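Asks: Provided herewith is a single structure, encoded as C-alpha cells, for subsequent inquiry.
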Amino acid sequence: MTSDDWAGRALAAVIDRVTATEAEVGDRFPLYAHPADGRWETTGRGSWTGGFWAGLLWLRALRTGSAADRAAAERCTARLAPWAGADTATRGLIFWYGTALAPAASGAGPVRAAAARSCLADHDPGAGVVPWGSALGGPRLLARADAVPGLVPLLAGAGPDGPGAAAAHLHRHLDLCLGAEGAGHPGRPRPAWRFDPATGWHPCEDPAPGWSRGEAWLLLAVADALLHPEVARHRPVRLASAARQLLSQQGVLTGRLVPPDHATRPRGPLDTSAAAITAVALLKLSRTRVPRAGACAPRAAAVLRRLAGAHLTAPEPDGGRPAGMLLDGCYDAAKGLAVRHELIWGDFFLALGLAALDGLVDLTRV
C-alpha cells in the first residue's frame, strides 16, 4: 500500500471496523451506531438492512481470504433466509447486496434464488410492481424509490420471466418518480406513491420530493439495470433518458459532494449514506454508454475521497470512539432518528466503492 493509496487505507479502516462490530453485536444485526462512542443499535432479525451487514462480512472475507471470515459471512447470510418470503420489496436490498459478493460455490446462492423466486411470485401485474409490502408496517400497495435497487438484479436472475418483471418494476417506479416518459416532474423526483385499484397511483406526502437518499436509490437502480442487458433491452431509450435526467436534474456531477438529507433543508443534517450510494451508482454508470459516463468515475472518486477524508473516524489515543466509522449519516431527520450517525448501509456502500477503486471488486457483477 503506497502513501498515496488513500482508498486502500480507508478500506482497511472500514474492514477493521467490521471486525470490531462483529465482536460487539454477535448474532444480532447492526443498524446504526452512536457518533460519540460507536455503540451499535441492533436488530435481532436484520430488518431491511440485514443484507448490508452480510455484504460487509463477504467483502471482508474477499479481502482477507480467511476461511474463518468466509464462515462468518455464510452464517450471517443463512440468518437472512426467513426474509425470503416476507412481504416487502426491500428483499432486493436484503438479498442482492447481502449475497452478490459471495463466491458462486457458497451457500448464498440458494438463499438468493429462493428470495428471487418469491419476489417474482409477488409481482403484481395490475400495479406493475412488486409491492412495497406490509412486512415493515404501513400500507402494502406502495411504490417507493428504495424498493427498486437490488430488486432489479435479483428479479433478473429469477428465471425466464424475471427480466421482464424487473423491467416492469423499474419502469413503473421511474415513470412515477421521474414523471412519464418525455414529461418529467417540474421539481425533484417524487419518491413514494400509493396505489388504489379503482383510481390508480397517487403521490405520498412522506418521504417528500428532495429526499437525497431516494434520489441516490433511483440512480443506483438505473445503473444496475443498464449493467444487466436482459433488463436494459426493455425500453432502452427510456432507461437512458432516466439516467440523463437523474444525472443532470439533481446536480449529481456538479453539486455538493455530500448532500443534505433533504434538498429543502440545505443547512440541515448531511447524509453520507446518500453520498456513498451515489458514488457506487456513478462508478457503475461509468461502465455504461450513457451520456456523461466519462464524468462519472472522477466524480465518484471525489465523493469517496471526501467521505474518507472528512467523515471517517481516525484512531483516538484515549480509546474513545473506534476508527473506521462513517459518520454524518441521516436515517430519518423528520423523526429525529440517527441524524448524525454511522449507518450500516452507509458503511457498506462506502466499502463497496473503495473496494472498486482498490481493484478488489468488479461492480458490473455486484
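Identifiers in this document derive from the order of the C-alpha cells: chains are assigned A, B, ..., residues are numbered from 1 separately in each chain, and ligands are numbered from 1 in order of occurrence.
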Considering only C-alpha atoms, tabulate each residue of segment 204-264 of chain A that lies at most 12 Å from segment 348-358 of chain A along with its nearest interatomic pair and the corresponding distance in Å to one decimal; arrange the rows by chain and ascending residue number and present them as a tab-separated table.
Replies:
residue	atom	partner	partner_atom	distance
A:Ala216	CA	A:Phe349	CA	11.4
A:Trp217	CA	A:Phe349	CA	11.5
A:Leu220	CA	A:Phe349	CA	10.9
Asks: Could you give me, as a list in words, the residues within 9 Å of Tyr331 of chain A, counting only C-alpha atoms and dropping anything in the same chain fewer than 6 positions from it?
Replies: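 Those residues are Tyr32, Asp261, Asp271, Ser273, Leu337, Ala338, Val339, Arg340, His341 and Leu343 of chain A.
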Asks: Compare A:Leu257, A:Ala279, A:Ala263, A:Leu170 by their minimum atom-to-atom distance to Arg238 of chain A, counting only C-alpha atoms, and give me the closest one.
Replies: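 Residue with the minimum atom-to-atom distance to Arg238 of chain A: A:Leu170.
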Asks: For segment 125-184 of chain A versus segment 100-106 of chain A, which residues have an atom no more than 10 Å away, and what is each residue's nearest atom pair and distance in Å rounded to one decimal, using only C-alpha atoms, chain-then-number order, as JSON lines?
Replies:
{"residue": "A:Gly150", "atom": "CA", "partner": "A:Ala100", "partner_atom": "CA", "distance": 9.7}
{"residue": "A:Pro153", "atom": "CA", "partner": "A:Ala100", "partner_atom": "CA", "distance": 9.7}
{"residue": "A:Leu154", "atom": "CA", "partner": "A:Ala100", "partner_atom": "CA", "distance": 9.4}
Asks: Okay, now the selection with all heavy atoms, as a PDB file, in the first residue's frame?
Replies:
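Written output follows (out-v3.pdb):
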ATOM      1  N   GLY A 150     -31.343  -3.233  -6.085  1.00  0.00           N
ATOM      2  CA  GLY A 150     -31.202  -4.611  -5.622  1.00  0.00           C
ATOM      3  C   GLY A 150     -32.277  -5.514  -6.173  1.00  0.00           C
ATOM      4  O   GLY A 150     -32.000  -6.639  -6.591  1.00  0.00           O
ATOM      5  N   PRO A 153     -31.614  -6.481 -10.189  1.00  0.00           N
ATOM      6  CA  PRO A 153     -30.778  -7.646 -10.484  1.00  0.00           C
ATOM      7  C   PRO A 153     -31.277  -8.925  -9.831  1.00  0.00           C
ATOM      8  O   PRO A 153     -31.077 -10.020 -10.371  1.00  0.00           O
ATOM      9  CB  PRO A 153     -29.392  -7.248  -9.957  1.00  0.00           C
ATOM     10  CG  PRO A 153     -29.640  -6.161  -8.977  1.00  0.00           C
ATOM     11  CD  PRO A 153     -30.861  -5.437  -9.462  1.00  0.00           C
ATOM     12  N   LEU A 154     -31.937  -8.812  -8.676  1.00  0.00           N
ATOM     13  CA  LEU A 154     -32.478 -10.011  -8.031  1.00  0.00           C
ATOM     14  C   LEU A 154     -33.539 -10.650  -8.910  1.00  0.00           C
ATOM     15  O   LEU A 154     -33.502 -11.861  -9.181  1.00  0.00           O
ATOM     16  CB  LEU A 154     -33.057  -9.658  -6.664  1.00  0.00           C
ATOM     17  CG  LEU A 154     -33.482 -10.850  -5.792  1.00  0.00           C
ATOM     18  CD1 LEU A 154     -32.267 -11.604  -5.278  1.00  0.00           C
ATOM     19  CD2 LEU A 154     -34.331 -10.369  -4.605  1.00  0.00           C
TER      20      LEU A 154
END
Asks: Looking only at helix (DSSP H, G or I) from DSSP on the backbone, list the matching residues of segment 64-191 of chain A as a PyMOL selection string.
Replies: chain A and resi 64+67-78+81-85+91-95+108-122+145-147+151-156+162-177
Asks: Taking only C-alpha atoms into account, name the residue in A:Ala221, A:Ala127, A:Val303, A:Cys177 that is nearest to Lys284 of chain A.
Replies: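 The shortest atom-to-atom distance to Lys284 of chain A comes from A:Ala221.
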Asks: Can you work out the spacing between atom CA of His228 of chain A and atom CA of Gly107 of chain A in Å, to one decimal?
Replies: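 Distance reported for this atom pair: 23.3 Å.
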Asks: I want to know what sits within 12 Å of Ala121 of chain A, based on only C-alpha atoms, with residues of the same chain fewer than 6 positions away left out; could you give that as a list in words?
Replies: Ala84, Gly85, Ala86, Asp87, Ala89, Ala114, Ala115, Val129, Val130, Pro131, Leu155, Ala158, Gly159, Asp161, Gly162 and Ala165 of chain A
Asks: Between atom CA of Arg70 of chain A and atom CA of Ala12 of chain A, what is the spacing in Å?
Replies: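 That distance, rounded to one decimal, is 17.2 Å.
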Asks: Out of A:Ala334, A:Ala297, A:Leu304, A:Ala240, which residue has the shortest atom-to-atom distance to Arg265 of chain A when counting only C-alpha atoms?
Replies: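 Counting only C-alpha atoms, the residue closest to Arg265 of chain A is A:Ala334.
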Asks: So, counting only C-alpha atoms, which residue among A:Arg213, A:Arg321, A:Arg190, A:Arg39 is closest to Thr278 of chain A?
Replies: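 With only C-alpha atoms as the atom set, the closest residue is A:Arg213.
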Asks: In Å to one decimal, how far is atom CA of Trp83 of chain A from atom CA of Gly44 of chain A?
Replies: 12.5 Å
Asks: I'd like the neighbourhood of Thr364 of chain A as a count of residues only, where a residue qualifies if any of its atoms comes within 12 Å (using only C-alpha atoms), though same-chain residues fewer than 6 positions away should be ignored.
Replies: 20
